[in-house]
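One file, input_16.cif, carrying mmCIF, C-alpha atoms and all ligand atoms:
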data_model
loop_
_atom_site.group_PDB
_atom_site.id
_atom_site.type_symbol
_atom_site.label_atom_id
_atom_site.label_comp_id
_atom_site.auth_asym_id
_atom_site.auth_seq_id
_atom_site.Cartn_x
_atom_site.Cartn_y
_atom_site.Cartn_z
ATOM 1 C CA MET L 158 -23.000 -17.953 -14.841
ATOM 2 C CA GLU L 159 -23.518 -14.374 -13.797
ATOM 3 C CA ARG L 160 -21.750 -13.408 -10.601
ATOM 4 C CA GLU L 161 -24.204 -12.812 -7.841
ATOM 5 C CA ARG L 162 -23.903 -9.259 -6.498
ATOM 6 C CA THR L 163 -24.517 -8.627 -2.866
ATOM 7 C CA PHE L 164 -25.877 -5.230 -1.876
ATOM 8 C CA HIS L 165 -25.434 -4.048 1.667
ATOM 9 C CA THR L 166 -27.035 -1.328 3.728
ATOM 10 C CA PRO L 167 -25.030 1.130 5.835
ATOM 11 C CA THR L 168 -26.103 -0.887 8.860
ATOM 12 C CA ASP L 169 -24.507 -4.023 7.375
ATOM 13 C CA TYR L 170 -21.186 -2.225 6.927
ATOM 14 C CA GLN L 171 -21.334 -0.738 10.399
ATOM 15 C CA GLN L 172 -22.222 -4.066 12.003
ATOM 16 C CA ALA L 173 -19.534 -5.999 10.138
ATOM 17 C CA MET L 174 -16.957 -3.409 11.166
ATOM 18 C CA LEU L 175 -17.997 -3.392 14.823
ATOM 19 C CA HIS L 176 -18.118 -7.183 14.970
ATOM 20 C CA ALA L 177 -14.585 -7.419 13.569
ATOM 21 C CA TRP L 178 -13.497 -4.738 16.026
ATOM 22 C CA ALA L 179 -14.945 -6.578 19.021
ATOM 23 C CA GLN L 180 -13.128 -9.757 17.998
ATOM 24 C CA TYR L 181 -9.723 -8.469 16.990
ATOM 25 C CA ALA L 182 -8.956 -4.935 18.229
ATOM 26 C CA THR L 183 -7.089 -6.194 21.270
ATOM 27 C CA LEU L 184 -5.574 -9.325 19.729
ATOM 28 C CA LYS L 185 -2.058 -9.978 21.044
ATOM 29 C CA GLY L 186 0.951 -10.888 18.959
ATOM 30 C CA GLY L 187 3.502 -9.373 16.612
ATOM 31 C CA GLU L 188 6.045 -6.603 17.118
ATOM 32 C CA ASN L 189 6.520 -3.077 15.825
ATOM 33 C CA ALA L 190 9.061 -2.780 13.018
ATOM 34 C CA SER L 191 12.314 -1.824 14.727
ATOM 35 C CA TYR L 192 14.780 -1.338 11.851
ATOM 36 C CA ILE L 193 13.322 2.159 11.377
ATOM 37 C CA PRO L 194 13.789 3.879 14.782
ATOM 38 C CA TYR L 195 10.610 6.000 14.494
ATOM 39 C CA LEU L 196 8.393 2.953 13.985
ATOM 40 C CA ALA L 197 9.748 1.168 17.045
ATOM 41 C CA GLN L 198 8.323 3.825 19.363
ATOM 42 C CA VAL L 199 4.780 4.156 17.931
ATOM 43 C CA PRO L 200 2.384 2.989 20.716
ATOM 44 C CA ALA L 201 1.565 -0.639 19.919
ATOM 45 C CA HIS L 202 -1.954 -0.435 21.352
ATOM 46 C CA LEU L 203 -3.155 2.016 18.681
ATOM 47 C CA CYS L 204 -5.713 0.426 16.421
ATOM 48 C CA ALA L 205 -8.247 1.565 13.833
ATOM 49 C CA VAL L 206 -10.371 0.248 11.027
ATOM 50 C CA ALA L 207 -12.259 2.046 8.266
ATOM 51 C CA ILE L 208 -14.433 1.348 5.259
ATOM 52 C CA VAL L 209 -14.975 3.810 2.403
ATOM 53 C CA THR L 210 -17.458 2.758 -0.254
ATOM 54 C CA VAL L 211 -17.352 3.718 -3.929
ATOM 55 C CA ASP L 212 -20.304 6.021 -3.150
ATOM 56 C CA GLY L 213 -18.196 7.885 -0.619
ATOM 57 C CA GLU L 214 -19.831 6.519 2.542
ATOM 58 C CA VAL L 215 -17.387 6.334 5.440
ATOM 59 C CA PHE L 216 -17.422 3.970 8.425
ATOM 60 C CA SER L 217 -14.647 3.970 10.997
ATOM 61 C CA THR L 218 -13.817 3.102 14.561
ATOM 62 C CA GLY L 219 -10.868 3.171 16.954
ATOM 63 C CA ASP L 220 -7.927 5.553 16.475
ATOM 64 C CA ALA L 221 -9.110 6.394 12.976
ATOM 65 C CA ASP L 222 -7.710 9.969 13.082
ATOM 66 C CA TYR L 223 -4.240 8.880 14.175
ATOM 67 C CA ARG L 224 -1.693 9.573 11.429
ATOM 68 C CA PHE L 225 0.849 6.831 10.796
ATOM 69 C CA ALA L 226 3.638 6.309 8.284
ATOM 70 C CA LEU L 227 2.410 5.110 4.894
ATOM 71 C CA GLU L 228 5.583 3.099 4.248
ATOM 72 C CA SER L 229 5.198 0.384 1.619
ATOM 73 C CA ILE L 230 1.629 1.318 0.777
ATOM 74 C CA SER L 231 3.207 4.311 -0.968
ATOM 75 C CA LYS L 232 4.400 1.817 -3.592
ATOM 76 C CA VAL L 233 0.816 1.555 -4.863
ATOM 77 C CA CYS L 234 0.643 5.309 -5.477
ATOM 78 C CA THR L 235 3.965 5.429 -7.294
ATOM 79 C CA LEU L 236 2.966 2.410 -9.363
ATOM 80 C CA ALA L 237 -0.199 4.290 -10.361
ATOM 81 C CA LEU L 238 1.894 7.239 -11.484
ATOM 82 C CA ALA L 239 4.363 5.035 -13.366
ATOM 83 C CA LEU L 240 1.485 3.334 -15.189
ATOM 84 C CA GLU L 241 0.062 6.715 -16.161
ATOM 85 C CA ASP L 242 3.479 7.987 -17.297
ATOM 86 C CA VAL L 243 5.017 5.056 -19.145
ATOM 87 C CA GLY L 244 2.170 2.562 -19.601
ATOM 88 C CA ALA L 245 1.480 -0.987 -18.464
ATOM 89 C CA ASN L 246 3.808 -2.684 -20.964
ATOM 90 C CA ASP L 247 6.855 -0.755 -19.848
ATOM 91 C CA VAL L 248 6.036 -1.366 -16.178
ATOM 92 C CA GLN L 249 5.759 -5.096 -16.797
ATOM 93 C CA GLU L 250 8.885 -5.256 -18.947
ATOM 94 C CA LYS L 251 11.107 -3.056 -16.816
ATOM 95 C CA ILE L 252 9.869 -3.956 -13.338
ATOM 96 C CA GLY L 253 7.646 -7.038 -13.584
ATOM 97 C CA ALA L 254 4.357 -8.461 -12.318
ATOM 98 C CA ASP L 255 5.371 -11.577 -10.428
ATOM 99 C CA PRO L 256 5.777 -12.377 -6.754
ATOM 100 C CA THR L 257 9.382 -12.651 -5.568
ATOM 101 C CA GLY L 258 8.571 -15.244 -2.912
ATOM 102 C CA LEU L 259 11.161 -13.475 -0.767
ATOM 103 C CA PRO L 260 11.158 -10.634 1.799
ATOM 104 C CA PHE L 261 10.334 -7.136 0.537
ATOM 105 C CA ASN L 262 13.937 -5.948 0.768
ATOM 106 C CA SER L 263 15.587 -9.097 -0.569
ATOM 107 C CA VAL L 264 18.855 -8.734 -2.446
ATOM 108 C CA ILE L 265 18.773 -12.428 -3.327
ATOM 109 C CA ALA L 266 15.568 -11.860 -5.322
ATOM 110 C CA LEU L 267 17.468 -9.381 -7.488
ATOM 111 C CA GLU L 268 20.447 -11.657 -7.967
ATOM 112 C CA LEU L 269 18.163 -14.488 -9.055
ATOM 113 C CA HIS L 270 16.566 -12.407 -11.814
ATOM 114 C CA GLN L 271 19.481 -10.456 -13.335
ATOM 115 C CA GLY L 272 18.482 -7.313 -11.486
ATOM 116 C CA LYS L 273 14.824 -7.310 -12.567
ATOM 117 C CA PRO L 274 12.775 -6.480 -9.461
ATOM 118 C CA LEU L 275 9.761 -8.624 -10.556
ATOM 119 C CA SER L 276 7.277 -6.457 -8.655
ATOM 120 C CA PRO L 277 6.801 -2.702 -8.128
ATOM 121 C CA LEU L 278 5.565 -3.561 -4.628
ATOM 122 C CA VAL L 279 8.920 -4.672 -3.227
ATOM 123 C CA ASN L 280 11.603 -2.134 -2.345
ATOM 124 C CA ALA L 281 13.680 -2.732 -5.484
ATOM 125 C CA GLY L 282 10.686 -2.465 -7.802
ATOM 126 C CA ALA L 283 9.401 0.591 -5.995
ATOM 127 C CA MET L 284 12.700 2.413 -6.466
ATOM 128 C CA SER L 285 12.650 1.391 -10.098
ATOM 129 C CA ALA L 286 9.097 2.787 -10.363
ATOM 130 C CA VAL L 287 10.247 6.055 -8.774
ATOM 131 C CA SER L 288 12.959 6.275 -11.421
ATOM 132 C CA LEU L 289 10.450 5.731 -14.260
ATOM 133 C CA ILE L 290 8.314 8.736 -13.311
ATOM 134 C CA ASN L 291 8.601 11.641 -15.763
ATOM 135 C CA ALA L 292 10.446 14.342 -13.851
ATOM 136 C CA ARG L 293 12.862 17.210 -14.452
ATOM 137 C CA ASP L 294 14.731 16.693 -11.213
ATOM 138 C CA SER L 295 14.454 15.139 -7.794
ATOM 139 C CA GLU L 296 12.114 17.815 -6.321
ATOM 140 C CA HIS L 297 9.787 17.543 -9.306
ATOM 141 C CA ARG L 298 9.815 13.733 -8.961
ATOM 142 C CA TRP L 299 8.933 14.034 -5.287
ATOM 143 C CA ALA L 300 6.225 16.658 -5.857
ATOM 144 C CA ARG L 301 4.491 14.447 -8.420
ATOM 145 C CA ILE L 302 4.574 11.396 -6.146
ATOM 146 C CA LEU L 303 3.244 13.302 -3.120
ATOM 147 C CA ASN L 304 0.523 14.803 -5.294
ATOM 148 C CA MET L 305 -0.555 11.318 -6.407
ATOM 149 C CA GLN L 306 -0.711 10.158 -2.757
ATOM 150 C CA GLN L 307 -2.860 13.178 -1.900
ATOM 151 C CA ARG L 308 -5.238 12.700 -4.806
ATOM 152 C CA LEU L 309 -5.673 8.997 -4.091
ATOM 153 C CA ALA L 310 -6.061 9.312 -0.319
ATOM 154 C CA GLY L 311 -6.716 12.892 0.782
ATOM 155 C CA ALA L 312 -5.172 16.333 0.634
ATOM 156 C CA ALA L 313 -3.951 16.112 4.237
ATOM 157 C CA VAL L 314 -1.291 13.514 3.398
ATOM 158 C CA THR L 315 2.028 15.245 4.105
ATOM 159 C CA LEU L 316 5.670 14.388 4.622
ATOM 160 C CA SER L 317 6.721 13.842 8.228
ATOM 161 C CA ASP L 318 10.182 15.337 8.749
ATOM 162 C CA GLU L 319 10.609 13.125 11.780
ATOM 163 C CA VAL L 320 9.846 9.862 9.971
ATOM 164 C CA ASN L 321 11.854 10.969 6.953
ATOM 165 C CA ARG L 322 14.909 11.782 9.062
ATOM 166 C CA SER L 323 14.610 8.463 10.842
ATOM 167 C CA GLU L 324 14.507 6.603 7.536
ATOM 168 C CA GLN L 325 17.032 8.611 5.499
ATOM 169 C CA THR L 326 19.682 8.169 8.198
ATOM 170 C CA THR L 327 19.198 4.388 8.419
ATOM 171 C CA ASN L 328 18.293 3.292 4.849
ATOM 172 C CA PHE L 329 21.675 1.724 4.033
ATOM 173 C CA HIS L 330 20.161 -1.537 2.839
ATOM 174 C CA ASN L 331 17.898 0.280 0.379
ATOM 175 C CA ARG L 332 20.843 2.315 -0.883
ATOM 176 C CA ALA L 333 22.650 -0.951 -1.620
ATOM 177 C CA ILE L 334 19.603 -2.221 -3.510
ATOM 178 C CA ALA L 335 19.495 1.021 -5.524
ATOM 179 C CA TRP L 336 23.112 0.601 -6.607
ATOM 180 C CA LEU L 337 22.520 -3.055 -7.535
ATOM 181 C CA LEU L 338 19.583 -1.986 -9.695
ATOM 182 C CA TYR L 339 21.643 0.762 -11.250
ATOM 183 C CA SER L 340 24.470 -1.619 -12.110
ATOM 184 C CA ALA L 341 21.964 -4.014 -13.697
ATOM 185 C CA GLY L 342 20.430 -1.212 -15.801
ATOM 186 C CA THR L 343 17.031 -1.450 -14.090
ATOM 187 C CA LEU L 344 17.050 1.982 -12.473
ATOM 188 C CA TYR L 345 16.273 4.877 -14.813
ATOM 189 C CA CYS L 346 17.545 7.908 -12.900
ATOM 190 C CA ASP L 347 20.398 8.604 -10.505
ATOM 191 C CA ALA L 348 20.568 5.762 -7.954
ATOM 192 C CA MET L 349 20.660 7.912 -4.843
ATOM 193 C CA GLU L 350 17.919 10.180 -6.180
ATOM 194 C CA ALA L 351 15.650 7.140 -6.596
ATOM 195 C CA CYS L 352 16.458 5.901 -3.097
ATOM 196 C CA GLU L 353 16.067 9.324 -1.492
ATOM 197 C CA VAL L 354 12.691 10.007 -3.126
ATOM 198 C CA TYR L 355 11.508 6.455 -2.390
ATOM 199 C CA THR L 356 12.418 6.957 1.266
ATOM 200 C CA ARG L 357 10.434 10.206 1.353
ATOM 201 C CA GLN L 358 7.385 8.577 -0.194
ATOM 202 C CA CYS L 359 7.425 6.026 2.663
ATOM 203 C CA SER L 360 7.617 8.842 5.247
ATOM 204 C CA THR L 361 4.262 10.520 4.658
ATOM 205 C CA LEU L 362 1.512 10.317 7.261
ATOM 206 C CA VAL L 363 -2.046 9.117 6.628
ATOM 207 C CA ASN L 364 -4.947 8.173 8.829
ATOM 208 C CA THR L 365 -7.039 5.037 8.435
ATOM 209 C CA VAL L 366 -9.969 6.780 6.717
ATOM 210 C CA GLU L 367 -7.593 8.259 4.132
ATOM 211 C CA LEU L 368 -6.093 4.834 3.592
ATOM 212 C CA ALA L 369 -9.538 3.327 3.022
ATOM 213 C CA THR L 370 -10.221 6.215 0.606
ATOM 214 C CA LEU L 371 -7.133 5.203 -1.361
ATOM 215 C CA GLY L 372 -8.569 1.683 -1.556
ATOM 216 C CA ALA L 373 -11.985 2.999 -2.545
ATOM 217 C CA THR L 374 -10.426 5.070 -5.339
ATOM 218 C CA LEU L 375 -8.947 1.896 -6.798
ATOM 219 C CA ALA L 376 -12.278 0.104 -6.222
ATOM 220 C CA ALA L 377 -14.024 2.878 -8.169
ATOM 221 C CA ALA L 378 -11.770 2.489 -11.229
ATOM 222 C CA GLY L 379 -9.626 5.486 -10.383
ATOM 223 C CA VAL L 380 -12.298 7.960 -9.230
ATOM 224 C CA ASN L 381 -11.790 9.195 -5.672
ATOM 225 C CA PRO L 382 -15.298 8.775 -4.211
ATOM 226 C CA ARG L 383 -14.840 11.618 -1.754
ATOM 227 C CA THR L 384 -13.393 14.277 -4.077
ATOM 228 C CA LYS L 385 -15.004 12.803 -7.241
ATOM 229 C CA GLU L 386 -11.738 13.356 -9.109
ATOM 230 C CA GLN L 387 -10.641 10.836 -11.759
ATOM 231 C CA VAL L 388 -7.173 10.338 -10.304
ATOM 232 C CA LEU L 389 -5.952 7.727 -12.753
ATOM 233 C CA SER L 390 -7.344 6.128 -15.855
ATOM 234 C CA ALA L 391 -9.814 3.295 -15.319
ATOM 235 C CA ALA L 392 -7.732 1.188 -17.716
ATOM 236 C CA ASN L 393 -4.782 1.228 -15.303
ATOM 237 C CA THR L 394 -6.532 0.095 -12.122
ATOM 238 C CA PRO L 395 -6.614 -3.648 -13.014
ATOM 239 C CA PHE L 396 -2.813 -3.646 -13.317
ATOM 240 C CA ILE L 397 -2.505 -2.190 -9.829
ATOM 241 C CA LEU L 398 -4.934 -4.706 -8.339
ATOM 242 C CA ALA L 399 -3.110 -7.583 -10.050
ATOM 243 C CA GLU L 400 0.211 -6.408 -8.626
ATOM 244 C CA MET L 401 -1.380 -6.100 -5.177
ATOM 245 C CA THR L 402 -2.661 -9.660 -5.429
ATOM 246 C CA MET L 403 0.757 -10.968 -6.418
ATOM 247 C CA GLU L 404 2.948 -9.151 -3.914
ATOM 248 C CA GLY L 405 0.895 -6.742 -1.795
ATOM 249 C CA MET L 406 1.232 -8.852 1.332
ATOM 250 C CA TYR L 407 4.847 -9.845 0.601
ATOM 251 C CA GLY L 408 5.733 -13.446 1.429
ATOM 252 C CA SER L 409 2.184 -14.159 2.556
ATOM 253 C CA SER L 410 0.452 -12.807 -0.563
ATOM 254 C CA GLY L 411 -0.477 -16.361 -1.555
ATOM 255 C CA ASP L 412 -1.895 -17.160 1.872
ATOM 256 C CA TRP L 413 -3.843 -13.900 1.776
ATOM 257 C CA ALA L 414 -5.296 -14.690 -1.664
ATOM 258 C CA TYR L 415 -6.169 -18.181 -0.476
ATOM 259 C CA THR L 416 -7.891 -17.110 2.731
ATOM 260 C CA VAL L 417 -9.265 -13.640 1.880
ATOM 261 C CA GLY L 418 -9.275 -13.371 -1.902
ATOM 262 C CA LEU L 419 -8.887 -9.595 -2.255
ATOM 263 C CA PRO L 420 -6.051 -7.409 -3.559
ATOM 264 C CA ALA L 421 -4.362 -5.729 -0.591
ATOM 265 C CA LYS L 422 -1.260 -3.820 0.394
ATOM 266 C CA SER L 423 0.420 -3.486 3.742
ATOM 267 C CA GLY L 424 3.197 -1.320 5.156
ATOM 268 C CA VAL L 425 5.642 -1.732 8.036
ATOM 269 C CA GLY L 426 4.000 1.274 9.707
ATOM 270 C CA GLY L 427 1.096 -1.079 10.513
ATOM 271 C CA GLY L 428 -1.292 0.008 7.764
ATOM 272 C CA ILE L 429 -3.146 -2.343 5.449
ATOM 273 C CA VAL L 430 -5.657 -1.620 2.698
ATOM 274 C CA ALA L 431 -7.779 -4.083 0.730
ATOM 275 C CA VAL L 432 -9.858 -3.402 -2.367
ATOM 276 C CA VAL L 433 -13.260 -4.873 -3.218
ATOM 277 C CA PRO L 434 -13.534 -3.839 -6.894
ATOM 278 C CA GLY L 435 -16.677 -1.843 -7.583
ATOM 279 C CA VAL L 436 -17.620 -1.808 -3.898
ATOM 280 C CA MET L 437 -15.203 -0.384 -1.325
ATOM 281 C CA GLY L 438 -11.794 0.024 0.248
ATOM 282 C CA ILE L 439 -11.208 -1.500 3.694
ATOM 283 C CA ALA L 440 -8.265 -0.243 5.767
ATOM 284 C CA ALA L 441 -6.846 -0.988 9.173
ATOM 285 C CA PHE L 442 -3.957 0.226 11.273
ATOM 286 C CA SER L 443 -2.152 -1.476 14.143
ATOM 287 C CA PRO L 444 1.655 -1.361 14.498
ATOM 288 C CA PRO L 445 2.638 -4.901 15.625
ATOM 289 C CA LEU L 446 3.680 -6.962 12.587
ATOM 290 C CA ASP L 447 4.046 -10.661 11.854
ATOM 291 C CA ALA L 448 7.252 -12.188 10.461
ATOM 292 C CA ALA L 449 6.313 -11.282 6.865
ATOM 293 C CA GLY L 450 5.883 -7.587 7.819
ATOM 294 C CA ASN L 451 2.080 -7.406 7.856
ATOM 295 C CA SER L 452 -0.012 -5.973 10.701
ATOM 296 C CA VAL L 453 -1.295 -8.814 12.882
ATOM 297 C CA ARG L 454 -4.536 -7.139 13.958
ATOM 298 C CA GLY L 455 -4.923 -5.271 10.687
ATOM 299 C CA GLN L 456 -5.051 -8.477 8.668
ATOM 300 C CA LYS L 457 -7.683 -9.984 10.974
ATOM 301 C CA LEU L 458 -9.840 -6.857 10.959
ATOM 302 C CA VAL L 459 -9.836 -6.488 7.184
ATOM 303 C CA ALA L 460 -10.321 -10.203 6.544
ATOM 304 C CA SER L 461 -13.206 -10.402 8.979
ATOM 305 C CA ILE L 462 -15.093 -7.489 7.386
ATOM 306 C CA ALA L 463 -14.609 -8.892 3.878
ATOM 307 C CA HIS L 464 -15.706 -12.326 5.022
ATOM 308 C CA GLN L 465 -18.810 -11.127 6.872
ATOM 309 C CA LEU L 466 -19.940 -9.117 3.851
ATOM 310 C CA GLY L 467 -19.279 -12.061 1.524
ATOM 311 C CA HIS L 468 -16.527 -10.432 -0.530
ATOM 312 C CA ASN L 469 -13.920 -12.738 -2.056
ATOM 313 C CA LEU L 470 -12.996 -12.308 -5.718
ATOM 314 C CA TYR L 471 -12.668 -16.031 -6.216
ATOM 315 C CA ARG L 472 -16.118 -16.854 -4.880
ATOM 316 C CA CYS L 473 -18.469 -17.744 -7.717
ATOM 317 C CA GLY L 474 -21.766 -18.057 -5.906
HETATM 318 N N1 LIG L 501 10.434 2.333 4.198
HETATM 319 C C1 LIG L 501 10.363 0.901 4.377
HETATM 320 C C2 LIG L 501 11.567 0.238 3.735
HETATM 321 O O1 LIG L 501 12.001 0.692 2.700
HETATM 322 C C3 LIG L 501 9.099 0.372 3.782
HETATM 323 C C4 LIG L 501 9.019 -1.135 3.822
HETATM 324 C C5 LIG L 501 7.649 -1.684 4.059
HETATM 325 O O2 LIG L 501 6.706 -1.030 4.490
HETATM 326 N N2 LIG L 501 7.540 -2.956 3.873
HETATM 327 O O3 LIG L 501 12.080 -0.719 4.230
#
Transcribe the structure of this file into structure tokens.
Amino acid sequence: MERERTFHTPTDYQQAMLHAWAQYATLKGGENASYIPYLAQVPAHLCAVAIVTVDGEVFSTGDADYRFALESISKVCTLALALEDVGANDVQEKIGADPTGLPFNSVIALELHQGKPLSPLVNAGAMSAVSLINARDSEHRWARILNMQQRLAGAAVTLSDEVNRSEQTTNFHNRAIAWLLYSAGTLYCDAMEACEVYTRQCSTLVNTVELATLGATLAAAGVNPRTKEQVLSAANTPFILAEMTMEGMYGSSGDWAYTVGLPAKSGVGGGIVAVVPGVMGIAAFSPPLDAAGNSVRGQKLVASIAHQLGHNLYRCG
């Protein structure tokens, strides 16, 4: 049976977005991440949602210009670069493509799998992905990762010294993970270089429209619909979307697949981006998080838009 394709007008997108906004923009619940001092003090009332289609149409509302820390969503960009550099087989063999079923910074997950991270979208796997990037030295590694973030999302994505300082001076748990990986042979550069560059990649600032653009670039098989640049090969985007489905929402990735049915990625800065392949990226931002580390309002906003427009990858008719 051929999958029925639903075509929507700009008014449909706008209405779906505004309806979701009216329902969920002031939803209570959740708390800012507090283990990174910077994130604890971001105003919790800030909220935004944006849609970018594969044709480059943009819809947004709320604090859509506010720049927030990319955090874990950066793992998607570094995964893209690792896939381009070393290929899908190496990424699967060296990092993995399975959910851990455990929190994103779990040490137990590593112990259970002989140091294999299982997913590039948890902290361990992301540091391993950083270490797989082709680079001469740490600055070159960082420059290539930042460049990939900018090409996927928008040229204005830059490192925040304030966020970076806040993270680099408190990232002891991630340093421990890096050394565990190194001792297991699953980190492919200097351990502290991988951790330091990983921490920087989490400390860049994006706004919600840029985040939706990142999603739209994946939805458009690697072509950024706003710059028209082929940022990564079309052949690599399915691997990214599969990894997002498996682990993009951490311990609630299964619940997300069950209820929403779209690949997505969240970050402890309050950002979340979902991909409707061939159609659009949907992004939201709101700092208070649930126990799994996903934005409470952000999840509702994105899920509502996808649902209203009838997008769920597992729906057959
Ligand atoms: N920088 C954060 C960390 O390493 C990112 C985690 C996240 O967004 N889930 O803990």
L:Val453 environment, 7 Å, all atoms listed in the file, sequence neighbours closer than 4 positions dropped, as a list in words
Gly186, Gly187, Pro445, Leu446, Asp447 and Lys457 of chain L
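Of the residues under consideration (L:Tyr471, L:Tyr195, L:Tyr415, L:Tyr407), L:Tyr407 shows the shortest atom-to-atom contact distance to L:Asn451 when counting only C-alpha atoms.
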Quick one: what's the axis-aligned box for stretch 184-197 of chain L, all listed atoms, 5 Å on every side, centre and edges in Å to one decimal, as JSON?
{"center_x": 4.6, "center_y": -2.4, "center_z": 16.2, "size_x": 30.4, "size_y": 26.9, "size_z": 19.7}
Hey, what's within 12 Å of L:Arg293 if we count all atoms listed in the file and toss same-chain stuff fewer than 6 positions away? As a PDB file with C-alpha atoms, in the coordinates of the input, please?
ATOM      1  CA  TRP L 299       8.933  14.034  -5.287  1.00  0.00           C
ATOM      2  CA  ALA L 300       6.225  16.658  -5.857  1.00  0.00           C
ATOM      3  CA  ARG L 301       4.491  14.447  -8.420  1.00  0.00           C
ATOM      4  CA  CYS L 346      17.545   7.908 -12.900  1.00  0.00           C
ATOM      5  CA  GLU L 350      17.919  10.180  -6.180  1.00  0.00           C
TER       6      GLU L 350
END
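When all atoms listed in the file are used to measure the gap to ligand LIG 501 (chain L), the shortest distance among L:Thr365, L:Ser295, L:Thr370, L:Ser263 belongs to L:Ser263.
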For ligand LIG 501 (chain L), which residue out of L:Leu175, L:Val209, L:Ala449, L:Leu375 is the nearest one, using only C-alpha atoms and all ligand atoms?
L:Ala449
Would you name the residues within 8 Å of ligand LIG 501 (chain L), counting only C-alpha atoms and all ligand atoms, and put them as a ChimeraX atom specification?
/L:193,227-230,261-262,279-280,324,328,331,355-356,359-360,423-426,450
Report the residues retrieved by the PyMOL selection byres (((chain L and resi 348) around 6) and not hetatm) from the displayed file, expressed as a PyMOL selection string.
chain L and resi 335-336+347+349-351
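The interatomic distance for the pair atom CA of L:Leu337 and atom CA of L:Ile252 works out to 13.9 Å.
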Once the PyMOL selection byres (((chain L and resi 310) around 12) and not hetatm) is applied to the coordinates I shared, what remains selected? I want it as JSON, numbers by chain.
{"L": [209, 227, 230, 231, 233, 234, 303, 304, 305, 306, 307, 308, 309, 311, 312, 313, 314, 315, 361, 362, 363, 364, 365, 366, 367, 368, 369, 370, 371, 372, 373, 374, 375, 379, 380, 381, 382, 383, 384, 385, 386, 388, 430, 438, 440]}
Any chance you can output those residues with C-alpha atoms as a tab-separated table (two decimals), in the coordinates of the input?
chain	number	residue	atom	x	y	z
L	209	VAL	CA	-14.98	3.81	2.40
L	227	LEU	CA	2.41	5.11	4.89
L	230	ILE	CA	1.63	1.32	0.78
L	231	SER	CA	3.21	4.31	-0.97
L	233	VAL	CA	0.82	1.56	-4.86
L	234	CYS	CA	0.64	5.31	-5.48
L	303	LEU	CA	3.24	13.30	-3.12
L	304	ASN	CA	0.52	14.80	-5.29
L	305	MET	CA	-0.56	11.32	-6.41
L	306	GLN	CA	-0.71	10.16	-2.76
L	307	GLN	CA	-2.86	13.18	-1.90
L	308	ARG	CA	-5.24	12.70	-4.81
L	309	LEU	CA	-5.67	9.00	-4.09
L	311	GLY	CA	-6.72	12.89	0.78
L	312	ALA	CA	-5.17	16.33	0.63
L	313	ALA	CA	-3.95	16.11	4.24
L	314	VAL	CA	-1.29	13.51	3.40
L	315	THR	CA	2.03	15.24	4.11
L	361	THR	CA	4.26	10.52	4.66
L	362	LEU	CA	1.51	10.32	7.26
L	363	VAL	CA	-2.05	9.12	6.63
L	364	ASN	CA	-4.95	8.17	8.83
L	365	THR	CA	-7.04	5.04	8.44
L	366	VAL	CA	-9.97	6.78	6.72
L	367	GLU	CA	-7.59	8.26	4.13
L	368	LEU	CA	-6.09	4.83	3.59
L	369	ALA	CA	-9.54	3.33	3.02
L	370	THR	CA	-10.22	6.22	0.61
L	371	LEU	CA	-7.13	5.20	-1.36
L	372	GLY	CA	-8.57	1.68	-1.56
L	373	ALA	CA	-11.98	3.00	-2.54
L	374	THR	CA	-10.43	5.07	-5.34
L	375	LEU	CA	-8.95	1.90	-6.80
L	379	GLY	CA	-9.63	5.49	-10.38
L	380	VAL	CA	-12.30	7.96	-9.23
L	381	ASN	CA	-11.79	9.20	-5.67
L	382	PRO	CA	-15.30	8.78	-4.21
L	383	ARG	CA	-14.84	11.62	-1.75
L	384	THR	CA	-13.39	14.28	-4.08
L	385	LYS	CA	-15.00	12.80	-7.24
L	386	GLU	CA	-11.74	13.36	-9.11
L	388	VAL	CA	-7.17	10.34	-10.30
L	430	VAL	CA	-5.66	-1.62	2.70
L	438	GLY	CA	-11.79	0.02	0.25
L	440	ALA	CA	-8.26	-0.24	5.77
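Here the PyMOL selection byres (((chain L and resi 239-241) around 9) and not hetatm) catches exactly these residues: Cys234, Thr235, Leu236, Ala237, Leu238, Asp242, Val243, Gly244, Ala245, Asn246, Asp247, Val248, Ala286, Val287, Ser288, Leu289, Ile290, Asn291, Leu389, Ser390, Asn393, Phe396 and Ile397 of chain L.
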Could you turn the residues from that selection into a file that holds C-alpha atoms, as a short mmCIF file (atom, residue, chain, number, x, y, z; two decimals), in the coordinates of the input?
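Result file is selection.cif:
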data_model
loop_
_atom_site.label_atom_id
_atom_site.label_comp_id
_atom_site.auth_asym_id
_atom_site.auth_seq_id
_atom_site.Cartn_x
_atom_site.Cartn_y
_atom_site.Cartn_z
CA CYS L 234 0.64 5.31 -5.48
CA THR L 235 3.96 5.43 -7.29
CA LEU L 236 2.97 2.41 -9.36
CA ALA L 237 -0.20 4.29 -10.36
CA LEU L 238 1.89 7.24 -11.48
CA ASP L 242 3.48 7.99 -17.30
CA VAL L 243 5.02 5.06 -19.14
CA GLY L 244 2.17 2.56 -19.60
CA ALA L 245 1.48 -0.99 -18.46
CA ASN L 246 3.81 -2.68 -20.96
CA ASP L 247 6.86 -0.76 -19.85
CA VAL L 248 6.04 -1.37 -16.18
CA ALA L 286 9.10 2.79 -10.36
CA VAL L 287 10.25 6.06 -8.77
CA SER L 288 12.96 6.28 -11.42
CA LEU L 289 10.45 5.73 -14.26
CA ILE L 290 8.31 8.74 -13.31
CA ASN L 291 8.60 11.64 -15.76
CA LEU L 389 -5.95 7.73 -12.75
CA SER L 390 -7.34 6.13 -15.86
CA ASN L 393 -4.78 1.23 -15.30
CA PHE L 396 -2.81 -3.65 -13.32
CA ILE L 397 -2.50 -2.19 -9.83
#
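Using only C-alpha atoms for every distance, the candidate list L:Gly418, L:Gly272, L:Gly408, L:Gly282 yields L:Gly282 as the residue closest to L:Cys352.
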